[in-house]
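S.K.: Sharing a structure, written as structure tokens. Questions coming.
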Amino acid sequence: MGHANHFVRLVALIALAIGGFLAVRAKVVPKDFGVDGHYRSSAIPEIAAREPRHLGSEACSDCHDKEFAAWKAGKHSTPECENCHGPGLMHVKVMSEDSVAKYPDRIKNNPNALRVTSGLQECTWCHLKTFERPSTLKYITSVEKHWTQYGGKFTPTSKCTDCHNPHTTVVK
């Protein structure tokens, strides 16, 4: 009979934990969450009212016409400028000296308000061979092996952009 009391206490503790979870969930989860799908319906107008952070590559051509022309004519015209350089909104605002104080983005603290490119990481996002990469995409299995294969000496400061122009993919 003593074991039954332990079991009753365990079931009561589990019921209390479930009840506490449901009470907290009812307070925390918005009422419209899950009504129209797995999202909060009232978020749609809020998100639509936000200023777009990604401007597209055409916006870059206004100031960077030489780079844009090289990019457009090269093999890298499929990924947008912002895939490597980050969202363009902060860059445009900072360079035109508009106020960016209201934006929470950390990127606004960079001198040109763009993601700092390493010349290596951005290239390996697409060109390092992984399972999900399409077979039509040129890839490398190892950055170090790629350098030595072409007669270079790989160092910790080696970058893809030491040999390749990232906008045109032409070897320098």
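Labeling convention for the structure tokens: chains A, B, ... as they appear, residues from 1 per chain, ligands from 1 in order of appearance.
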Taking the chain letters and numbering used in this document, name the residues of region 12-167 of chain A that DSSP puts in strand (DSSP E or B), as a PyMOL selection string.

M.R.: chain A and resi 33+40+128+140+164

S.K.: Keeping only N, CA and C atoms, write those residues as a PDB file, in the first residue's frame.

M.R.:
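And here's selection.pdb as it stands now:
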ATOM      1  N   PHE A  33      -2.443  33.315 -32.349  1.00  0.00           N
ATOM      2  CA  PHE A  33      -1.429  32.374 -32.834  1.00  0.00           C
ATOM      3  C   PHE A  33      -2.086  31.047 -33.174  1.00  0.00           C
ATOM      4  N   ARG A  40       1.284  34.062 -36.060  1.00  0.00           N
ATOM      5  CA  ARG A  40       0.374  35.008 -35.419  1.00  0.00           C
ATOM      6  C   ARG A  40      -0.222  35.891 -36.507  1.00  0.00           C
ATOM      7  N   LEU A 128      31.939  25.524 -51.167  1.00  0.00           N
ATOM      8  CA  LEU A 128      32.487  24.400 -50.416  1.00  0.00           C
ATOM      9  C   LEU A 128      31.550  23.213 -50.607  1.00  0.00           C
ATOM     10  N   ILE A 140      34.665  23.237 -54.276  1.00  0.00           N
ATOM     11  CA  ILE A 140      35.951  22.733 -53.812  1.00  0.00           C
ATOM     12  C   ILE A 140      35.684  21.901 -52.571  1.00  0.00           C
ATOM     13  N   HIS A 164      40.868  35.307 -57.125  1.00  0.00           N
ATOM     14  CA  HIS A 164      39.635  35.438 -57.903  1.00  0.00           C
ATOM     15  C   HIS A 164      38.988  36.806 -57.693  1.00  0.00           C
TER      16      HIS A 164
END

S.K.: Among the residues of chain A, find those DSSP assigns to helix (DSSP H, G or I) from the backbone and print them as a PyMOL selection string.

M.R.: chain A and resi 2-28+43-48+57-60+65-73+75-77+81-85+89-95+106-109+121-127+143-149+160-162

S.K.: Using only C-alpha atoms, which of A:Asn165, A:Thr148, A:Thr141, A:Ser57 sits nearest Glu82 (chain A)?

M.R.: A:Ser57

S.K.: Please provide the set of residues having any atom within 10 Å of region 151-158 of chain A, restricted to only C-alpha atoms, with same-chain residues fewer than 5 positions apart removed, written as an MDAnalysis selection string.

M.R.: chainID A and resid 118:120 143:146 163

S.K.: Rounded to one decimal in Å, what is the spacing between CA of Glu80 (chain A) and CA of Gly56 (chain A)?

M.R.: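 These atoms are spaced 6.6 Å apart.
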
S.K.: For Lys138 (chain A), which residue out of A:His76, A:Arg25, A:Arg115, A:His64 is the nearest one, using only C-alpha atoms?

M.R.: A:His76

S.K.: Show me, as JSON, numbers by chain, the residues that have an atom within 12 Å of Thr78 (chain A) when counting only C-alpha atoms, minus same-chain residues fewer than 4 positions from it.

M.R.: {"A": [56, 57, 71, 72, 73, 74, 82, 83, 84, 126, 137, 167, 168]}

S.K.: Quick check, in Å to one decimal: how far apart do CA of Thr130 (chain A) and CA of Ser142 (chain A) lie?

M.R.: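 Spanning CA of Thr130 (chain A) to CA of Ser142 (chain A) is a straight-line distance of 10.8 Å.
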
S.K.: With only C-alpha atoms as the basis for distance, which of A:Ser42, A:Lys108, A:Val171, A:Lys102 is at the shortest distance from Tyr150 (chain A)?

M.R.: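 Looking at the shortest contact to Tyr150 (chain A), the residue is A:Val171.
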
S.K.: Quick check, in Å to one decimal: how far apart do CA of Gly88 (chain A) and CA of Ile44 (chain A) lie?

M.R.: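 Between these atoms lies a distance of 22.8 Å.
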
S.K.: When distances are computed from only C-alpha atoms, which of A:Met95, A:Ala43, A:Val8, A:Leu13 shows the smallest separation from Pro111 (chain A)?

M.R.: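 Comparing A:Met95, A:Ala43, A:Val8, A:Leu13 against Pro111 (chain A), the winner is A:Met95.
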
S.K.: Find the residues near Ile107 (chain A): any atom within 10 Å, counting only C-alpha atoms, skip ones fewer than 3 places away on the same chain, and give them as a PyMOL selection string.

M.R.: chain A and resi 86-87+90-91+103-104+110-116
